[in-house]
Each structure stands twice: as structure tokens, then as C-alpha cells.
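Raw contents of final.txt, compact mmCIF, C-alpha atoms:
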```txt
# COMPACT_ATOMS: atom_id res chain seq x y z
CA MET F 57 0.00 0.00 0.00
CA THR F 58 1.25 3.44 -0.90
CA GLU F 59 -0.73 6.45 0.36
CA GLN F 60 -0.13 9.91 -1.07
CA LEU F 61 -1.77 13.31 -1.05
CA ILE F 62 -2.10 14.63 -4.58
CA LYS F 63 -2.66 18.26 -5.50
CA VAL F 64 -4.24 18.99 -8.89
CA ASP F 65 -5.98 22.22 -9.94
CA GLY F 66 -5.86 23.41 -6.35
CA ILE F 67 -7.66 20.26 -5.16
CA GLU F 68 -6.13 18.03 -2.47
CA LEU F 69 -7.11 14.37 -2.59
CA CYS F 70 -5.74 11.54 -0.48
CA THR F 71 -5.08 8.41 -2.53
CA GLU F 72 -3.66 4.97 -1.96
CA SER F 73 -2.51 2.29 -4.39
CA PHE F 74 -2.06 -1.48 -4.30
CA GLY F 75 -0.16 -3.65 -6.74
CA ARG F 76 2.08 -2.98 -9.71
CA LYS F 77 1.68 0.14 -11.80
CA GLU F 78 2.44 -1.94 -14.89
CA ASP F 79 -0.86 -3.82 -14.45
CA PRO F 80 -4.23 -2.57 -15.75
CA ALA F 81 -5.52 0.16 -13.44
CA ILE F 82 -8.82 0.05 -11.59
CA LEU F 83 -10.01 3.17 -9.79
CA LEU F 84 -12.33 2.67 -6.80
CA ILE F 85 -14.75 5.46 -5.86
CA MET F 86 -16.55 5.16 -2.51
CA GLY F 87 -20.00 6.48 -1.64
CA ALA F 88 -21.32 9.47 0.24
CA THR F 89 -19.79 10.37 3.63
CA ALA F 90 -17.53 7.30 3.52
CA SER F 91 -13.76 7.41 3.11
CA MET F 92 -11.70 5.10 0.96
CA ILE F 93 -11.04 2.63 3.80
CA TRP F 94 -14.50 1.13 3.26
CA TRP F 95 -12.87 -0.41 0.18
CA GLU F 96 -11.21 -2.67 2.71
CA ASP F 97 -7.49 -3.42 2.52
CA GLU F 98 -7.96 -7.13 1.85
CA PHE F 99 -10.54 -6.42 -0.88
CA CYS F 100 -8.06 -4.12 -2.63
CA GLN F 101 -5.16 -6.51 -2.17
CA ARG F 102 -7.10 -9.39 -3.69
CA LEU F 103 -7.74 -7.26 -6.78
CA ALA F 104 -4.03 -6.42 -6.89
CA ASP F 105 -3.10 -10.09 -6.54
CA ALA F 106 -5.32 -10.77 -9.56
CA GLY F 107 -3.15 -8.44 -11.66
CA ARG F 108 -4.75 -5.05 -11.20
CA PHE F 109 -3.15 -1.77 -10.17
CA VAL F 110 -5.72 -0.63 -7.62
CA ILE F 111 -6.24 3.00 -6.64
CA ARG F 112 -8.67 4.12 -3.98
CA TYR F 113 -9.11 7.67 -2.75
CA ASP F 114 -10.96 9.89 -0.31
CA ASN F 115 -13.60 12.03 -1.97
CA ARG F 116 -13.70 15.68 -0.99
CA ASP F 117 -14.90 16.27 2.57
CA VAL F 118 -14.02 12.78 3.79
CA GLY F 119 -10.88 11.27 5.22
CA GLN F 120 -7.68 13.13 4.48
CA SER F 121 -8.92 14.95 1.39
CA MET F 122 -9.72 18.65 1.37
CA ASN F 123 -12.68 19.99 3.34
CA ASP F 124 -15.09 22.82 2.80
CA GLU F 125 -17.01 24.54 5.56
CA PRO F 126 -19.63 22.19 7.04
CA GLY F 127 -22.97 22.96 5.43
CA ASN F 128 -21.42 25.05 2.64
CA PRO F 129 -19.64 22.89 0.06
CA GLN F 130 -18.18 24.94 -2.79
CA TYR F 131 -18.37 22.14 -5.33
CA GLY F 132 -20.93 19.92 -7.03
CA LEU F 133 -21.26 16.36 -8.23
CA GLU F 134 -19.65 17.10 -11.59
CA ASP F 135 -16.60 18.45 -9.77
CA MET F 136 -16.36 15.16 -7.89
CA ALA F 137 -16.57 13.25 -11.19
CA ASP F 138 -13.72 15.42 -12.46
CA ASP F 139 -11.74 14.45 -9.36
CA ALA F 140 -11.67 10.84 -10.56
CA ILE F 141 -9.86 11.97 -13.70
CA ARG F 142 -7.57 14.18 -11.62
CA VAL F 143 -6.51 11.09 -9.69
CA LEU F 144 -5.76 9.21 -12.91
CA ASP F 145 -3.77 12.19 -14.18
CA ALA F 146 -1.73 12.30 -10.96
CA TYR F 147 -0.79 8.66 -11.43
CA GLY F 148 -0.03 9.13 -15.13
CA ILE F 149 -2.79 6.73 -16.19
CA SER F 150 -4.46 7.38 -19.53
CA ARG F 151 -7.26 4.79 -19.24
CA ALA F 152 -8.60 2.80 -16.33
CA HIS F 153 -11.37 0.52 -15.23
CA VAL F 154 -13.60 2.38 -12.79
CA ALA F 155 -15.69 0.89 -9.98
CA GLY F 156 -18.06 2.98 -7.89
CA MET F 157 -20.17 2.20 -4.84
CA SER F 158 -23.44 4.12 -4.26
CA LEU F 159 -22.64 7.83 -4.85
CA GLY F 160 -19.34 6.57 -6.23
CA GLY F 161 -21.31 4.69 -8.88
CA LEU F 162 -23.14 7.87 -9.86
CA LEU F 163 -19.77 9.64 -10.15
CA THR F 164 -18.51 6.73 -12.26
CA LEU F 165 -21.42 7.22 -14.66
CA MET F 166 -20.76 10.96 -14.89
CA ALA F 167 -17.04 10.50 -15.48
CA THR F 168 -17.71 7.89 -18.16
CA VAL F 169 -20.12 10.17 -20.04
CA LYS F 170 -17.80 13.17 -19.80
CA TYR F 171 -14.49 11.37 -20.38
CA PRO F 172 -15.27 8.20 -22.37
CA GLU F 173 -11.72 8.08 -23.71
CA ARG F 174 -10.39 7.64 -20.14
CA VAL F 175 -12.59 4.74 -19.07
CA LEU F 176 -12.04 1.10 -20.02
CA SER F 177 -15.04 -0.34 -18.16
CA ASP F 178 -17.56 0.47 -15.45
CA THR F 179 -18.46 -1.54 -12.37
CA LEU F 180 -21.54 0.00 -10.73
CA ILE F 181 -22.27 -1.24 -7.22
CA MET F 182 -25.49 -0.48 -5.30
CA THR F 183 -26.12 2.62 -7.40
CA SER F 184 -28.49 4.24 -9.87
CA SER F 185 -28.72 6.94 -12.51
CA PHE F 186 -31.94 8.10 -10.78
CA ARG F 187 -33.34 8.97 -14.21
CA ASP F 188 -36.61 7.09 -13.73
CA PRO F 189 -38.84 8.90 -11.19
CA SER F 190 -41.09 5.85 -10.89
CA LEU F 191 -38.38 3.80 -9.16
CA PRO F 192 -38.78 3.29 -5.39
CA GLU F 193 -37.21 5.71 -2.95
CA MET F 194 -35.11 4.76 0.05
CA GLU F 195 -36.94 3.04 2.86
CA GLU F 196 -38.51 5.30 5.46
CA LYS F 197 -36.48 3.78 8.29
CA VAL F 198 -33.27 4.91 6.57
CA ALA F 199 -34.54 8.43 5.92
CA ALA F 200 -35.64 8.71 9.56
CA PHE F 201 -32.27 7.50 10.80
CA PHE F 202 -30.29 10.04 8.81
CA ALA F 203 -32.74 12.78 9.77
CA SER F 204 -31.74 12.10 13.39
CA ALA F 205 -28.07 12.77 12.67
CA ASP F 206 -28.28 16.36 13.89
CA GLN F 207 -29.02 15.00 17.37
CA VAL F 208 -25.64 13.24 17.55
CA ASN F 209 -22.82 14.89 19.49
CA TRP F 210 -20.26 15.02 16.71
CA GLU F 211 -17.53 15.99 19.16
CA ASN F 212 -17.94 12.77 21.16
CA GLU F 213 -15.99 9.82 19.77
CA GLN F 214 -18.19 7.18 21.36
CA ALA F 215 -21.35 8.79 19.99
CA ILE F 216 -19.83 8.91 16.51
CA LEU F 217 -18.79 5.25 16.62
CA ASP F 218 -22.21 4.21 17.92
CA PHE F 219 -23.85 6.11 15.05
CA SER F 220 -21.62 4.32 12.51
CA VAL F 221 -22.43 0.89 13.93
CA GLN F 222 -26.15 1.67 13.93
CA LYS F 223 -25.92 2.90 10.33
CA TRP F 224 -24.25 -0.21 8.98
CA ASN F 225 -26.61 -2.47 10.89
CA LEU F 226 -29.50 -0.61 9.31
CA LEU F 227 -28.06 -0.92 5.81
CA ARG F 228 -27.12 -4.61 5.87
CA GLY F 229 -29.32 -7.28 4.37
CA SER F 230 -30.76 -10.31 6.14
CA LYS F 231 -28.18 -12.61 4.54
CA HIS F 232 -25.39 -11.28 6.73
CA ALA F 233 -25.03 -11.42 10.50
CA PRO F 234 -23.84 -8.17 12.08
CA ASP F 235 -20.12 -7.82 12.76
CA GLU F 236 -20.19 -4.84 15.08
CA ASP F 237 -16.58 -5.25 16.21
CA LYS F 238 -15.30 -4.99 12.65
CA VAL F 239 -17.53 -2.04 11.81
CA ARG F 240 -16.44 -0.25 14.98
CA ARG F 241 -12.76 -0.81 14.15
CA LEU F 242 -13.18 0.57 10.64
CA ALA F 243 -15.26 3.50 11.91
CA ALA F 244 -12.59 4.32 14.52
CA ARG F 245 -9.88 4.19 11.85
CA GLU F 246 -11.95 6.51 9.68
CA LEU F 247 -12.63 8.91 12.53
CA HIS F 248 -8.97 9.20 13.45
CA ARG F 249 -7.94 10.02 9.87
CA THR F 250 -10.74 12.46 9.07
CA ARG F 251 -9.90 16.16 8.88
CA ASN F 252 -13.36 17.51 9.69
CA TRP F 253 -16.02 15.06 10.83
CA ALA F 254 -18.88 17.57 10.62
CA ALA F 255 -18.13 18.27 6.95
CA SER F 256 -17.79 14.54 6.27
CA MET F 257 -21.21 13.82 7.72
CA PHE F 258 -23.24 16.54 6.04
CA ASN F 259 -21.68 18.15 2.95
CA HIS F 260 -22.27 15.30 0.49
CA GLY F 261 -25.98 15.43 1.21
CA LEU F 262 -26.11 19.01 -0.09
CA LEU F 263 -24.57 18.34 -3.50
CA ALA F 264 -26.30 18.76 -6.86
CA GLY F 265 -25.41 19.12 -10.53
CA GLY F 266 -24.40 16.82 -13.34
CA GLU F 267 -27.91 16.42 -14.76
CA ASP F 268 -26.67 16.82 -18.34
CA LEU F 269 -24.12 14.09 -17.80
CA ILE F 270 -26.66 11.68 -16.31
CA ALA F 271 -28.88 12.26 -19.34
CA GLY F 272 -26.07 10.66 -21.35
CA VAL F 273 -26.07 7.34 -19.47
CA PRO F 274 -27.94 5.47 -22.26
CA ASP F 275 -25.11 6.52 -24.61
CA ILE F 276 -22.39 4.82 -22.54
CA ARG F 277 -20.55 2.32 -24.72
CA VAL F 278 -17.90 0.92 -22.39
CA PRO F 279 -18.59 -2.53 -20.93
CA ALA F 280 -20.62 -2.20 -17.74
CA LEU F 281 -21.17 -4.55 -14.83
CA VAL F 282 -24.00 -3.71 -12.41
CA ILE F 283 -23.90 -5.29 -8.93
CA HIS F 284 -26.87 -4.88 -6.61
CA GLY F 285 -28.30 -6.45 -3.48
CA THR F 286 -31.94 -7.47 -3.36
CA GLU F 287 -32.40 -5.94 0.12
CA ASP F 288 -30.75 -2.55 -0.45
CA PRO F 289 -32.77 -0.10 1.71
CA ILE F 290 -31.14 3.09 0.34
CA ILE F 291 -31.14 2.41 -3.40
CA PRO F 292 -33.64 -0.44 -3.84
CA TYR F 293 -32.83 -3.35 -6.12
CA ALA F 294 -35.16 -2.08 -8.86
CA HIS F 295 -32.61 0.69 -9.49
CA GLY F 296 -29.95 -1.88 -10.30
CA GLU F 297 -32.26 -3.69 -12.68
CA SER F 298 -33.14 -0.38 -14.35
CA LEU F 299 -29.49 0.67 -14.67
CA ALA F 300 -28.57 -2.63 -16.29
CA ARG F 301 -31.29 -1.97 -18.89
CA GLU F 302 -30.22 1.63 -19.47
CA ILE F 303 -26.63 0.89 -20.45
CA PRO F 304 -26.35 -1.09 -23.70
CA GLY F 305 -24.92 -4.55 -23.09
CA ALA F 306 -24.61 -4.15 -19.31
CA ARG F 307 -24.61 -7.28 -17.15
CA LEU F 308 -26.32 -7.54 -13.78
CA LEU F 309 -24.96 -9.50 -10.82
CA THR F 310 -27.70 -9.97 -8.23
CA LEU F 311 -26.71 -10.50 -4.60
CA GLU F 312 -29.65 -12.20 -2.91
CA GLY F 313 -30.28 -11.01 0.65
CA THR F 314 -27.59 -8.31 0.52
CA GLY F 315 -28.22 -4.74 1.54
CA HIS F 316 -26.36 -1.51 0.84
CA GLU F 317 -22.99 -2.97 1.72
CA LEU F 318 -19.74 -4.52 0.56
CA HIS F 319 -19.93 -7.43 2.99
CA GLU F 320 -16.96 -9.74 3.24
CA ASN F 321 -19.20 -12.75 2.64
CA ASP F 322 -20.00 -11.36 -0.82
CA TRP F 323 -16.40 -10.61 -1.77
CA ASP F 324 -15.81 -13.89 -3.62
CA ALA F 325 -18.78 -13.23 -5.93
CA ILE F 326 -18.01 -9.52 -6.34
CA LEU F 327 -14.28 -9.91 -6.93
CA ASP F 328 -14.73 -12.83 -9.31
CA ALA F 329 -17.23 -10.78 -11.33
CA ILE F 330 -14.97 -7.71 -11.44
CA ILE F 331 -11.91 -9.72 -12.42
CA ARG F 332 -13.78 -11.55 -15.19
CA HIS F 333 -15.36 -8.30 -16.35
CA THR F 334 -12.08 -6.41 -16.57
CA ASP F 335 -10.24 -9.42 -18.01
CA GLY F 336 -12.70 -9.50 -20.88
CA VAL F 337 -12.09 -5.83 -21.61
CA GLN F 338 -8.32 -6.28 -21.56
CA LYS F 339 -8.51 -9.17 -24.02
CA SER F 340 -10.80 -7.18 -26.27
CA GLU F 341 -8.44 -4.20 -26.13
CA SER F 342 -5.50 -6.45 -27.02
CA ARG F 343 -7.34 -7.88 -30.02
CA SER F 344 -8.26 -4.40 -31.25
CA VAL F 345 -4.60 -3.32 -31.09
CA LYS F 346 -3.56 -6.29 -33.21
```

Could you render the structure as C-alpha cells?
Amino acid sequence: MTEQLIKVDGIELCTESFGRKEDPAILLIMGATASMIWWEDEFCQRLADAGRFVIRYDNRDVGQSMNDEPGNPQYGLEDMADDAIRVLDAYGISRAHVAGMSLGGLLTLMATVKYPERVLSDTLIMTSSFRDPSLPEMEEKVAAFFASADQVNWENEQAILDFSVQKWNLLRGSKHAPDEDKVRRLAARELHRTRNWAASMFNHGLLAGGEDLIAGVPDIRVPALVIHGTEDPIIPYAHGESLAREIPGARLLTLEGTGHELHENDWDAILDAIIRHTDGVQKSESRSVK
């Protein structure tokens, strides 16, 4: 693992890489309010061991990346999509596979529409284009939980860790037993490496923009893999089905009983699908060069 703070266009982003730079690159983009460590170390290393140069990074306002004033972010979703390309530029990578979780998947879609020449393939995990207003909204229990966030004492470490454990328990599916010790360890690691916890908790929820880019999702022509759990309470499974129909040729991997999570028990299925997906693109690229 090699962590570094990159500075591009006045933007500071904390990144970390796994594997050999000579291997095909895969950029991992995490979801709202979550830092890059939720792409767990072992998950990233297994991708690297399969012959991928893995890059994960903290989005703005999480982890060690730059912060804006809590409640007043001076950027939008399109800026965050641009950040993905800034990371590739900093590593000197012209084209990469991109995998995004939740908000990270939405940013992956935006980056692919705006910079198709930079993207080899998309992996879209527990996400949506949100283009179809008839699709179900997040479950009420989730909305109520996040609405209660302003009652948390964000200066109290124990309260913050309790909130994180409660959140991940709420988001998991029935297939997986809770692992509160692991979640608490990851949440503590995140807390101790976060510049401004108040910004990390609230700024992503205020973001907008990128509507023109999302309108271009049906025009995406890179190979796309959609991965979605049937018990996702934030972005219900119907969104994954819809997204797989929107993108020409996209494949859907359904995780029965999984919620809005990257649970270790699903890693074998997820990693195998990503490796096969990106392998197929690499072989196709090689044939086209010949």
C-alpha cells in the first residue's frame, strides 16, 4: 500500500494504491460520507493479486482529502466526477477501469459520459442513474435514521462510533449477520484520519449538478457490470435492474439477501465478477490493437 496526497488544480485528494503500476488500473470510488477505507485493505489486495493496479481515494470532505465549511460545500457532483480523472492524471494513467459504490457509482457514470476516452469499463455497485422517477425511494427507516443525525454529538468519539455501527446495521441485508466489532474498528480508523467530521457527515448530502451528464447514461458504450443487493434499503434493487437496462450490453450480478454494503461474505462473488469483467475488456483491447 502506498498512500499519497495529490494536488491537482488546487484540489487536495488523499489516494492509496495497491499492486504494480504496470498492471491494468482500476479506480475505486466510494459512496457518500464514507472514506476510501470502506474499500477494505484485503478487498483491494485481492484485486491487486489478480493483476490489477488498484487505486482508492478519499472524496472531498471525507478522510484526508480537502474539506469545505460544514454545510457550505463549494463544489458539485460534476466536480467530484472530475476528481476521478484528476486522480488518474496524478498517477499518469491514460485509461482505467472504474468501480463505484453508491454515490461513487453515480460519479462513475458521470465520469464515463464526460471522459469516455479515459474509461475502459464500469463496475456499478449499489447505485443508480436516478433517471426514472417511478423507481422506489429509500426506505422510510433509513430516511428517519439520517434525519436524526443532527441530534448526535459530533464531538464525542463514542457517539460517533455508535452512530456508525447503527448505520451499517441498518443498511445490511438479512443474509449477513452483524459484525459490530469490525464495523467499529473501521469506523474508529476513519474517525482518526478524518480532517473535519462535521463536513464529512453533512456536505455530500447538499450536492447537486451533473444532470446533463446523467442524461447521457444510455449513450455509454464501455462494458458495464451492475452489482446490486436485493435488500438494499437506500437504493432499492429495482434501481440496479433499471441501470442494467439503461446501459447497452450491461450485465447484472444480483446479490440475494444483501443490503447496501460490501460485505466480506460477498467478496468472492463480487471480486470474481470484477476480475472476469475487466479481463474481458483487456482481451478485447489487445485484439483491437492487433

Requested in this report: Give me the residues within 8 Å of region 199-214 of chain F as a ChimeraX atom specification, counting only C-alpha atoms and dropping any in the same chain fewer than 6 places off.
Outcome: /F:223,253-254

Query raised in the report: Residues at most 8 Å from Thr183 (chain F), counting all atoms listed in the file, excluding those fewer than 5 positions away in the same chain, as number ranges by chain?
Result: F: 157-162, 284, 291, 295-296

Query - Distance of CA of Ala167 (chain F) from CA of Gln120 (chain F), expressed in Å to one decimal place - result: 22.2 Å

Report summary line: Counting only C-alpha atoms, closest pick from F:Ile290, F:Met166, F:Ile270, F:Ala306 relative to Met194 (chain F) is F:Ile290

Report task. In Å, rounded to a single decimal, give me how far CA of Lys77 (chain F) is from CA of Asn321 (chain F). Result -> 28.5 Å

Query raised in the report: Could you state the separation of CA of Ala81 (chain F) and CA of Ala152 (chain F) in Å, given to one decimal place?
Result: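 Taking CA of Ala81 (chain F) as the start and CA of Ala152 (chain F) as the end point, the length is 5.0 Å.
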
Which residues come within 12 Å of Gln222 (chain F), counting all atoms listed in the file, excluding same-chain residues fewer than 4 positions away, as a compact mmCIF listing (two decimals) with C-alpha atoms, in the frame of the given file?
```txt
# COMPACT_ATOMS: atom_id res chain seq x y z
CA LYS F 197 -36.48 3.78 8.29
CA VAL F 198 -33.27 4.91 6.57
CA PHE F 201 -32.27 7.50 10.80
CA PHE F 202 -30.29 10.04 8.81
CA SER F 204 -31.74 12.10 13.39
CA ALA F 205 -28.07 12.77 12.67
CA ALA F 215 -21.35 8.79 19.99
CA ILE F 216 -19.83 8.91 16.51
CA LEU F 217 -18.79 5.25 16.62
CA ASP F 218 -22.21 4.21 17.92
CA LEU F 226 -29.50 -0.61 9.31
CA LEU F 227 -28.06 -0.92 5.81
CA ARG F 228 -27.12 -4.61 5.87
CA PRO F 234 -23.84 -8.17 12.08
CA ASP F 235 -20.12 -7.82 12.76
CA GLU F 236 -20.19 -4.84 15.08
CA VAL F 239 -17.53 -2.04 11.81
CA ARG F 240 -16.44 -0.25 14.98
CA ALA F 243 -15.26 3.50 11.91
```

**Report entry** Protein/DNA/RNA residues near (1.4, 10.9, -0.5), cut 10 Å, all atoms listed in the file, as a PyMOL selection string
**Finding:** chain F and resi 58-63+69-72

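Using only C-alpha atoms for every distance, the candidate list F:Asp79, F:Glu287, F:Pro126, F:Tyr131 yields F:Asp79 as the residue closest to Ala106 (chain F).
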
Query raised in the report: Which residues come within 9 Å of Ser150 (chain F), counting all atoms listed in the file, excluding same-chain residues fewer than 6 positions away, as a ChimeraX atom specification?
Result: /F:144,173-175

Query raised in the report: For Glu96 (chain F), which of F:Glu302, F:Asp138, F:Glu320, F:Asp65 is the closest residue, counting only C-alpha atoms?
Result: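 Using only C-alpha atoms, Glu96 (chain F) sits closest to F:Glu320.
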
Query raised in the report: Counting only C-alpha atoms, which of F:Ala271, F:Leu327, F:Ala264, F:Leu191 gets nearest to Ile303 (chain F)?
Result: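 Smallest separation from Ile303 (chain F) among the options: F:Ala271.
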
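Comparing F:Asn128, F:Ser177, F:Ser121, F:Thr164 by their smallest distance to His333 (chain F), the closest is F:Ser177 (using only C-alpha atoms).
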
Requested in this report: Name the closest residue to Leu176 (chain F) among the candidates F:Ala294, F:Val154, F:Ile67, F:Leu133; distances are taken between atoms, counting only C-alpha atoms.
Outcome: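 Ranked by minimum distance to Leu176 (chain F), first place goes to F:Val154.
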
Requested in this report: Just give me the residues with any atom within 10 Å of (-14.5, 12.4, -0.6), file coordinates, counting only C-alpha atoms, written as a ChimeraX atom specification.
Outcome: /F:69-70,85-92,113-123,136,139,160,256,259-260

**Report entry** Selection: 12 Å around His319 (chain F), all atoms listed in the file, excl. self and same-chain fewer than 5 positions, as a list in words
**Finding:**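 Listing them by chain and then by number gives Trp94, Trp95, Glu96, Phe99, Trp224, Asn225, Leu227, Arg228, Gly229, Ser230, Lys231, His232, Ala233, Pro234, Asp235, Lys238, Val239, Gly285, Leu311, Gly313, Thr314, Asp324, Ala325, Ile326 and Leu327 of chain F.
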
My structure is short of atoms at region 117-133 of chain F; please model N, CA and C atoms there, returning them as a short mmCIF file (atom, residue, chain, number, x, y, z; two decimals), keeping the file's coordinate frame.
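After the write, result-v1.cif holds the following:
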```cif
data_model
loop_
_atom_site.label_atom_id
_atom_site.label_comp_id
_atom_site.auth_asym_id
_atom_site.auth_seq_id
_atom_site.Cartn_x
_atom_site.Cartn_y
_atom_site.Cartn_z
N ASP F 117 -14.15 16.19 1.31
CA ASP F 117 -14.90 16.27 2.57
C ASP F 117 -14.98 14.95 3.32
N VAL F 118 -14.15 13.97 2.96
CA VAL F 118 -14.02 12.78 3.79
C VAL F 118 -12.55 12.43 3.94
N GLY F 119 -12.24 11.72 5.01
CA GLY F 119 -10.88 11.27 5.22
C GLY F 119 -9.87 12.40 5.24
N GLN F 120 -8.78 12.18 4.52
CA GLN F 120 -7.68 13.13 4.48
C GLN F 120 -7.74 14.10 3.31
N SER F 121 -8.79 14.01 2.50
CA SER F 121 -8.92 14.95 1.39
C SER F 121 -9.42 16.30 1.88
N MET F 122 -9.40 17.28 1.00
CA MET F 122 -9.72 18.65 1.37
C MET F 122 -11.16 18.77 1.88
N ASN F 123 -11.36 19.73 2.78
CA ASN F 123 -12.68 19.99 3.34
C ASN F 123 -13.15 21.39 3.00
N ASP F 124 -14.45 21.52 2.82
CA ASP F 124 -15.09 22.82 2.80
C ASP F 124 -15.80 23.04 4.13
N GLU F 125 -16.29 24.23 4.32
CA GLU F 125 -17.01 24.54 5.56
C GLU F 125 -18.23 23.63 5.68
N PRO F 126 -18.44 23.04 6.85
CA PRO F 126 -19.63 22.19 7.04
C PRO F 126 -20.91 22.95 6.69
N GLY F 127 -21.72 22.34 5.84
CA GLY F 127 -22.97 22.96 5.43
C GLY F 127 -22.85 23.92 4.27
N ASN F 128 -21.62 24.08 3.73
CA ASN F 128 -21.42 25.05 2.64
C ASN F 128 -20.38 24.55 1.64
N PRO F 129 -20.61 23.39 1.03
CA PRO F 129 -19.64 22.89 0.06
C PRO F 129 -19.58 23.78 -1.18
N GLN F 130 -18.38 24.07 -1.63
CA GLN F 130 -18.18 24.94 -2.79
C GLN F 130 -17.90 24.13 -4.06
N TYR F 131 -18.55 23.01 -4.18
CA TYR F 131 -18.37 22.14 -5.33
C TYR F 131 -19.65 21.36 -5.55
N GLY F 132 -19.75 20.72 -6.71
CA GLY F 132 -20.93 19.92 -7.03
C GLY F 132 -20.53 18.52 -7.46
N LEU F 133 -21.52 17.74 -7.85
CA LEU F 133 -21.26 16.36 -8.23
C LEU F 133 -20.36 16.25 -9.46
#
```
